[in-house]
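Q: This is model-v7.pdb, which holds PDB, C-alpha atoms, pLDDT in the B column:
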ATOM      1  CA  MET A 294     142.098 103.335 175.907  1.00 70.00           C
ATOM      2  CA  ALA A 295     140.041 103.959 179.052  1.00 79.00           C
ATOM      3  CA  HIS A 296     136.254 103.594 179.040  1.00 89.00           C
ATOM      4  CA  LEU A 297     134.134 106.039 181.091  1.00 94.00           C
ATOM      5  CA  SER A 298     130.464 105.784 182.044  1.00 96.00           C
ATOM      6  CA  THR A 299     128.139 107.272 184.669  1.00 97.00           C
ATOM      7  CA  HIS A 300     124.778 106.511 186.249  1.00 97.00           C
ATOM      8  CA  VAL A 301     122.655 109.105 188.079  1.00 98.00           C
ATOM      9  CA  LEU A 302     119.972 108.014 190.538  1.00 98.00           C
ATOM     10  CA  ASP A 303     117.424 110.332 192.134  1.00 97.00           C
ATOM     11  CA  ALA A 304     117.300 109.367 195.828  1.00 96.00           C
ATOM     12  CA  VAL A 305     114.053 111.288 196.408  1.00 93.00           C
ATOM     13  CA  SER A 306     111.997 109.552 193.733  1.00 93.00           C
ATOM     14  CA  GLY A 307     113.891 106.268 193.890  1.00 95.00           C
ATOM     15  CA  ARG A 308     114.257 106.365 190.112  1.00 97.00           C
ATOM     16  CA  PRO A 309     116.960 106.983 187.537  1.00 98.00           C
ATOM     17  CA  ALA A 310     117.617 110.672 186.894  1.00 98.00           C
ATOM     18  CA  ALA A 311     116.840 110.975 183.185  1.00 98.00           C
ATOM     19  CA  GLY A 312     117.744 114.105 181.267  1.00 98.00           C
ATOM     20  CA  VAL A 313     120.683 115.310 183.369  1.00 98.00           C
ATOM     21  CA  ALA A 314     123.217 117.194 181.258  1.00 98.00           C
ATOM     22  CA  VAL A 315     126.773 115.996 181.918  1.00 98.00           C
ATOM     23  CA  THR A 316     130.012 117.596 180.741  1.00 97.00           C
ATOM     24  CA  LEU A 317     133.393 115.867 180.784  1.00 96.00           C
ATOM     25  CA  THR A 318     136.451 118.089 181.140  1.00 95.00           C
ATOM     26  CA  GLY A 319     139.895 116.657 180.445  1.00 91.00           C
ATOM     27  CA  PRO A 320     143.319 117.168 182.034  1.00 90.00           C
ATOM     28  CA  ALA A 321     144.037 120.295 180.001  1.00 86.00           C
ATOM     29  CA  GLY A 322     140.834 121.891 181.297  1.00 88.00           C
ATOM     30  CA  ARG A 323     139.122 121.581 177.925  1.00 89.00           C
ATOM     31  CA  ILE A 324     135.665 120.148 177.465  1.00 89.00           C
ATOM     32  CA  SER A 325     136.054 116.628 176.085  1.00 89.00           C
ATOM     33  CA  ALA A 326     132.398 115.605 175.780  1.00 93.00           C
ATOM     34  CA  HIS A 327     128.786 116.567 176.467  1.00 96.00           C
ATOM     35  CA  ALA A 328     126.045 114.031 177.108  1.00 97.00           C
ATOM     36  CA  THR A 329     122.602 113.694 178.672  1.00 98.00           C
ATOM     37  CA  THR A 330     121.525 110.794 180.862  1.00 98.00           C
ATOM     38  CA  ASP A 331     119.130 108.400 179.155  1.00 98.00           C
ATOM     39  CA  ALA A 332     115.824 107.056 180.524  1.00 98.00           C
ATOM     40  CA  ASP A 333     117.799 104.755 182.834  1.00 98.00           C
ATOM     41  CA  GLY A 334     119.889 107.692 184.151  1.00 98.00           C
ATOM     42  CA  ARG A 335     122.991 106.512 182.307  1.00 98.00           C
ATOM     43  CA  VAL A 336     125.636 107.801 179.979  1.00 97.00           C
ATOM     44  CA  ALA A 337     127.085 104.512 178.803  1.00 94.00           C
ATOM     45  CA  ASP A 338     130.158 105.822 177.027  1.00 89.00           C
ATOM     46  CA  PHE A 339     132.020 109.116 176.956  1.00 87.00           C
ATOM     47  CA  GLY A 340     134.398 107.736 174.351  1.00 74.00           C
ATOM     48  CA  SER A 341     137.538 105.708 174.755  1.00 64.00           C
ATOM     49  CA  ASP A 342     140.262 108.262 174.241  1.00 78.00           C
ATOM     50  CA  LEU A 343     141.010 109.009 177.893  1.00 87.00           C
ATOM     51  CA  SER A 344     144.704 109.253 178.632  1.00 89.00           C
ATOM     52  CA  ALA A 345     146.153 109.374 182.141  1.00 91.00           C
ATOM     53  CA  GLY A 346     145.277 112.525 184.069  1.00 93.00           C
ATOM     54  CA  ILE A 347     142.646 114.264 186.151  1.00 95.00           C
ATOM     55  CA  TYR A 348     139.149 114.616 184.687  1.00 95.00           C
ATOM     56  CA  ARG A 349     135.955 116.271 185.874  1.00 97.00           C
ATOM     57  CA  LEU A 350     132.341 115.300 185.349  1.00 97.00           C
ATOM     58  CA  GLN A 351     129.970 118.241 185.790  1.00 98.00           C
ATOM     59  CA  PHE A 352     126.298 117.367 186.345  1.00 98.00           C
ATOM     60  CA  ASP A 353     123.678 120.081 185.759  1.00 98.00           C
ATOM     61  CA  THR A 354     121.558 119.241 188.795  1.00 97.00           C
ATOM     62  CA  GLY A 355     119.889 122.651 189.020  1.00 97.00           C
ATOM     63  CA  THR A 356     118.174 122.296 185.660  1.00 97.00           C
ATOM     64  CA  TYR A 357     117.228 118.678 186.437  1.00 97.00           C
ATOM     65  CA  PHE A 358     115.536 119.562 189.741  1.00 96.00           C
ATOM     66  CA  ALA A 359     113.894 122.709 188.298  1.00 96.00           C
ATOM     67  CA  ALA A 360     112.261 120.500 185.652  1.00 95.00           C
ATOM     68  CA  GLN A 361     110.889 118.380 188.513  1.00 92.00           C
ATOM     69  CA  GLY A 362     109.487 121.464 190.246  1.00 95.00           C
ATOM     70  CA  VAL A 363     111.993 121.026 193.064  1.00 93.00           C
ATOM     71  CA  ARG A 364     114.306 123.673 194.439  1.00 92.00           C
ATOM     72  CA  GLY A 365     117.699 122.300 195.370  1.00 92.00           C
ATOM     73  CA  PHE A 366     120.816 123.576 197.084  1.00 96.00           C
ATOM     74  CA  TYR A 367     123.441 122.400 194.582  1.00 95.00           C
ATOM     75  CA  PRO A 368     123.010 123.859 191.079  1.00 97.00           C
ATOM     76  CA  GLU A 369     125.753 121.546 189.860  1.00 97.00           C
ATOM     77  CA  VAL A 370     127.816 118.631 191.065  1.00 98.00           C
ATOM     78  CA  VAL A 371     131.426 118.362 189.926  1.00 98.00           C
ATOM     79  CA  ILE A 372     133.281 115.110 190.485  1.00 98.00           C
ATOM     80  CA  ALA A 373     137.026 115.112 189.913  1.00 97.00           C
ATOM     81  CA  PHE A 374     138.724 111.754 189.399  1.00 96.00           C
ATOM     82  CA  GLU A 375     142.038 110.465 188.145  1.00 95.00           C
ATOM     83  CA  VAL A 376     142.606 108.085 185.267  1.00 93.00           C
ATOM     84  CA  THR A 377     145.758 106.161 186.168  1.00 93.00           C
ATOM     85  CA  ASP A 378     145.350 103.199 183.831  1.00 91.00           C
ATOM     86  CA  PRO A 379     144.405 104.251 180.300  1.00 86.00           C
ATOM     87  CA  THR A 380     143.200 100.703 179.539  1.00 89.00           C
ATOM     88  CA  ALA A 381     140.780 100.426 182.485  1.00 91.00           C
ATOM     89  CA  LYS A 382     137.019 100.886 182.817  1.00 92.00           C
ATOM     90  CA  TYR A 383     135.905 103.875 184.910  1.00 94.00           C
ATOM     91  CA  HIS A 384     132.315 104.098 186.152  1.00 96.00           C
ATOM     92  CA  VAL A 385     131.297 107.124 188.252  1.00 97.00           C
ATOM     93  CA  PRO A 386     127.797 106.786 189.772  1.00 98.00           C
ATOM     94  CA  LEU A 387     126.010 109.749 191.385  1.00 98.00           C
ATOM     95  CA  LEU A 388     123.257 109.407 193.986  1.00 98.00           C
ATOM     96  CA  LEU A 389     121.386 112.689 193.999  1.00 96.00           C
ATOM     97  CA  SER A 390     118.885 114.591 196.131  1.00 96.00           C
ATOM     98  CA  PRO A 391     118.125 118.329 196.351  1.00 96.00           C
ATOM     99  CA  TYR A 392     120.274 118.806 199.467  1.00 96.00           C
ATOM    100  CA  ALA A 393     122.858 116.027 199.274  1.00 97.00           C
ATOM    101  CA  TYR A 394     124.776 113.807 196.905  1.00 97.00           C
ATOM    102  CA  SER A 395     127.232 110.945 197.061  1.00 98.00           C
ATOM    103  CA  THR A 396     129.474 109.138 194.641  1.00 97.00           C
ATOM    104  CA  TYR A 397     131.926 106.257 194.490  1.00 96.00           C
ATOM    105  CA  ARG A 398     134.020 104.406 191.948  1.00 94.00           C
ATOM    106  CA  GLY A 399     131.744 101.827 190.435  1.00 91.00           C
ATOM    107  CA  SER A 400     132.445  98.855 188.254  1.00 85.00           C
TER     108      SER A 400
END
Represent the supplied structure as structure tokens.
A:
Amino acid sequence: MAHLSTHVLDAVSGRPAAGVAVTLTGPAGRISAHATTDADGRVADFGSDLSAGIYRLQFDTGTYFAAQGVRGFYPEVVIAFEVTDPTAKYHVPLLLSPYAYSTYRGS
């Protein structure tokens, strides 16, 4: 089965974004998993039961920045992606700042 991980980096501080709540929603629109980024800004494994389909990772950026004493523009970031190979590794990094974000398919 597919393996999914994420890594969140805070572009303002130049450090990993620890303590970001992340929710994984599956193809049926149901929540598949909840996690929080560790001290290195990572969620290493959302489980390995991902079948083919479109998934969404929702990052609670508003709460993260509020805890830093920073007001941001995006209260959440949602990244939709498609699992096409249920045996592959999927890594979805997020580079975050209060007024911008970027992502890509990592390895």
Q: Running the PyMOL selection byres ((chain A and resi 392) around 8) on this model by hand, what would come out? Give it as a PyMOL selection string.
A: chain A and resi 365-367+390-391+393-394
Q: Mind telling me what the PyMOL selection byres ((chain A and resi 336-339) around 7) catches here, as a list in words?
A: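 Evaluating the PyMOL selection byres ((chain A and resi 336-339) around 7) on this file yields His296, Leu297, Ser298, Thr299, His300, Ala326, Ala328, Thr329, Thr330, Asp331, Arg335, Gly340 and Ser341 of chain A.
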Q: Hey, which of A:Leu317, A:Ile324, A:Ala345, A:Ala360 ends up closest to Ile372 of chain A? Count all atoms listed in the file.
A: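 Ranked by minimum distance to Ile372 of chain A, first place goes to A:Leu317.
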Q: With distances taken over only C-alpha atoms, which residue among A:Val376, A:Ala332, A:Met294, A:Leu350 lies nearest Arg308 of chain A?
A: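 For Arg308 of chain A, the nearest of the candidates is A:Ala332.
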Q: Suppose you want the space between atom CA of Arg364 of chain A and atom CA of Leu389 of chain A; what is it in Å?
A: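 Taking atom CA of Arg364 of chain A as the start and atom CA of Leu389 of chain A as the end point, the length is 13.1 Å.
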Q: If you measure from atom CA of Thr380 of chain A to atom CA of Ala314 of chain A, what distance in Å do you get, rounded to one decimal?
A: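 Between these atoms lies a distance of 26.0 Å.
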Q: Work out how far atom CA of Leu343 of chain A is from atom CA of Thr377 of chain A, in Å to one decimal.
A: 10.0 Å
Q: Check what the PyMOL selection byres ((chain A and resi 382) around 6) selects in the file above and give those residues as number ranges by chain.
A: A: 295-296, 381, 383
Q: Would you write out those residues with C-alpha atoms, as a PDB file, in the frame of the given file?
A:
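Contents of the output file again-v9.pdb:
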ATOM      1  CA  ALA A 295     140.041 103.959 179.052  1.00 79.00           C
ATOM      2  CA  HIS A 296     136.254 103.594 179.040  1.00 89.00           C
ATOM      3  CA  ALA A 381     140.780 100.426 182.485  1.00 91.00           C
ATOM      4  CA  TYR A 383     135.905 103.875 184.910  1.00 94.00           C
TER       5      TYR A 383
END
Q: Quick one: everything within 6 Å of segment 301-306 of chain A, counting only C-alpha atoms, minus sequence neighbours fewer than 4 positions away in the same chain. Send it as a list in words.
A: Ala310, Gly334, Pro386, Leu387, Leu388, Leu389 and Ser390 of chain A
Q: Compare A:Ala311, A:Val363, A:Ala321, A:Val371 by their minimum atom-to-atom distance to Ile347 of chain A, counting all atoms listed in the file, and give me the closest one.
A: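 Checking each of A:Ala311, A:Val363, A:Ala321, A:Val371 against Ile347 of chain A, counting all atoms listed in the file, the winner is A:Ala321.
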Q: Between A:Ser400, A:Val370, A:Val313, A:Asp378, which is the closest to Arg349 of chain A once you count all atoms listed in the file?
A: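 Checking each candidate against Arg349 of chain A, we get A:Val370 as the closest.
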Q: Here is a test: counting only C-alpha atoms, which residue of A:Gly399, A:Gly307, A:Pro379, A:Gly312 is nearest to Phe352 of chain A?
A: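 For Phe352 of chain A, the nearest of the candidates is A:Gly312.
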Q: Counting all atoms listed in the file, which residue out of A:Val385, A:Ala373, A:Asp333, A:Asp353 sits closest to Pro320 of chain A?
A: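 Of all the options, A:Ala373 lies closest to Pro320 of chain A.
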Q: Padding 8 Å on each side, edges along x, y and z: where is the centre of the box around the listed atoms of segment 353-361 of chain A, and how long are its edges in Å to one decimal? Output it as AutoDock Vina command-line options.
A:
--center_x 117.3 --center_y 120.5 --center_z 187.7 --size_x 28.8 --size_y 20.3 --size_z 20.1
Q: Can you put N, CA and C atoms back into segment 350-372 of chain A and show it as a PDB file, in the coordinates of the input?
A:
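And here's rebuild30.pdb as it stands now:
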ATOM      1  N   LEU A 350     133.698 115.438 185.851  1.00 97.00           N
ATOM      2  CA  LEU A 350     132.341 115.300 185.349  1.00 97.00           C
ATOM      3  C   LEU A 350     131.497 116.364 186.035  1.00 97.00           C
ATOM      4  N   GLN A 351     130.831 117.191 185.252  1.00 98.00           N
ATOM      5  CA  GLN A 351     129.970 118.241 185.790  1.00 98.00           C
ATOM      6  C   GLN A 351     128.527 117.881 185.460  1.00 98.00           C
ATOM      7  N   PHE A 352     127.700 117.741 186.485  1.00 98.00           N
ATOM      8  CA  PHE A 352     126.298 117.367 186.345  1.00 98.00           C
ATOM      9  C   PHE A 352     125.436 118.604 186.578  1.00 98.00           C
ATOM     10  N   ASP A 353     124.558 118.924 185.642  1.00 98.00           N
ATOM     11  CA  ASP A 353     123.678 120.081 185.759  1.00 98.00           C
ATOM     12  C   ASP A 353     122.452 119.707 186.588  1.00 98.00           C
ATOM     13  N   THR A 354     122.625 119.669 187.891  1.00 97.00           N
ATOM     14  CA  THR A 354     121.558 119.241 188.795  1.00 97.00           C
ATOM     15  C   THR A 354     120.488 120.307 188.984  1.00 97.00           C
ATOM     16  N   GLY A 355     120.864 121.575 188.861  1.00 97.00           N
ATOM     17  CA  GLY A 355     119.889 122.651 189.020  1.00 97.00           C
ATOM     18  C   GLY A 355     118.782 122.581 187.983  1.00 97.00           C
ATOM     19  N   THR A 356     119.165 122.397 186.731  1.00 97.00           N
ATOM     20  CA  THR A 356     118.174 122.296 185.660  1.00 97.00           C
ATOM     21  C   THR A 356     117.332 121.038 185.822  1.00 97.00           C
ATOM     22  N   TYR A 357     117.968 119.932 186.223  1.00 97.00           N
ATOM     23  CA  TYR A 357     117.228 118.678 186.437  1.00 97.00           C
ATOM     24  C   TYR A 357     116.149 118.860 187.497  1.00 97.00           C
ATOM     25  N   PHE A 358     116.520 119.404 188.669  1.00 96.00           N
ATOM     26  CA  PHE A 358     115.536 119.562 189.741  1.00 96.00           C
ATOM     27  C   PHE A 358     114.484 120.619 189.398  1.00 96.00           C
ATOM     28  N   ALA A 359     114.865 121.693 188.710  1.00 96.00           N
ATOM     29  CA  ALA A 359     113.894 122.709 188.298  1.00 96.00           C
ATOM     30  C   ALA A 359     112.818 122.087 187.409  1.00 96.00           C
ATOM     31  N   ALA A 360     113.218 121.176 186.526  1.00 95.00           N
ATOM     32  CA  ALA A 360     112.261 120.500 185.652  1.00 95.00           C
ATOM     33  C   ALA A 360     111.300 119.610 186.447  1.00 95.00           C
ATOM     34  N   GLN A 361     111.737 119.199 187.640  1.00 92.00           N
ATOM     35  CA  GLN A 361     110.889 118.380 188.513  1.00 92.00           C
ATOM     36  C   GLN A 361     110.013 119.249 189.417  1.00 92.00           C
ATOM     37  N   GLY A 362     110.219 120.565 189.358  1.00 95.00           N
ATOM     38  CA  GLY A 362     109.487 121.464 190.246  1.00 95.00           C
ATOM     39  C   GLY A 362     110.046 121.464 191.655  1.00 95.00           C
ATOM     40  N   VAL A 363     111.331 121.128 191.765  1.00 93.00           N
ATOM     41  CA  VAL A 363     111.993 121.026 193.064  1.00 93.00           C
ATOM     42  C   VAL A 363     113.109 122.058 193.131  1.00 93.00           C
ATOM     43  N   ARG A 364     113.196 122.743 194.247  1.00 92.00           N
ATOM     44  CA  ARG A 364     114.306 123.673 194.439  1.00 92.00           C
ATOM     45  C   ARG A 364     115.387 122.959 195.229  1.00 92.00           C
ATOM     46  N   GLY A 365     116.590 122.973 194.706  1.00 92.00           N
ATOM     47  CA  GLY A 365     117.699 122.300 195.370  1.00 92.00           C
ATOM     48  C   GLY A 365     118.743 123.279 195.850  1.00 92.00           C
ATOM     49  N   PHE A 366     119.739 122.766 196.532  1.00 96.00           N
ATOM     50  CA  PHE A 366     120.816 123.576 197.084  1.00 96.00           C
ATOM     51  C   PHE A 366     122.038 123.602 196.172  1.00 96.00           C
ATOM     52  N   TYR A 367     122.274 122.520 195.456  1.00 95.00           N
ATOM     53  CA  TYR A 367     123.441 122.400 194.582  1.00 95.00           C
ATOM     54  C   TYR A 367     123.029 122.569 193.123  1.00 95.00           C
ATOM     55  N   PRO A 368     123.380 123.682 192.476  1.00 97.00           N
ATOM     56  CA  PRO A 368     123.010 123.859 191.079  1.00 97.00           C
ATOM     57  C   PRO A 368     123.814 122.965 190.137  1.00 97.00           C
ATOM     58  N   GLU A 369     124.944 122.478 190.637  1.00 97.00           N
ATOM     59  CA  GLU A 369     125.753 121.546 189.860  1.00 97.00           C
ATOM     60  C   GLU A 369     126.555 120.681 190.815  1.00 97.00           C
ATOM     61  N   VAL A 370     126.920 119.524 190.333  1.00 98.00           N
ATOM     62  CA  VAL A 370     127.816 118.631 191.065  1.00 98.00           C
ATOM     63  C   VAL A 370     129.008 118.390 190.152  1.00 98.00           C
ATOM     64  N   VAL A 371     130.205 118.613 190.688  1.00 98.00           N
ATOM     65  CA  VAL A 371     131.426 118.362 189.926  1.00 98.00           C
ATOM     66  C   VAL A 371     132.212 117.273 190.648  1.00 98.00           C
ATOM     67  N   ILE A 372     132.516 116.223 189.919  1.00 98.00           N
ATOM     68  CA  ILE A 372     133.281 115.110 190.485  1.00 98.00           C
ATOM     69  C   ILE A 372     134.608 115.033 189.739  1.00 98.00           C
TER      70      ILE A 372
END
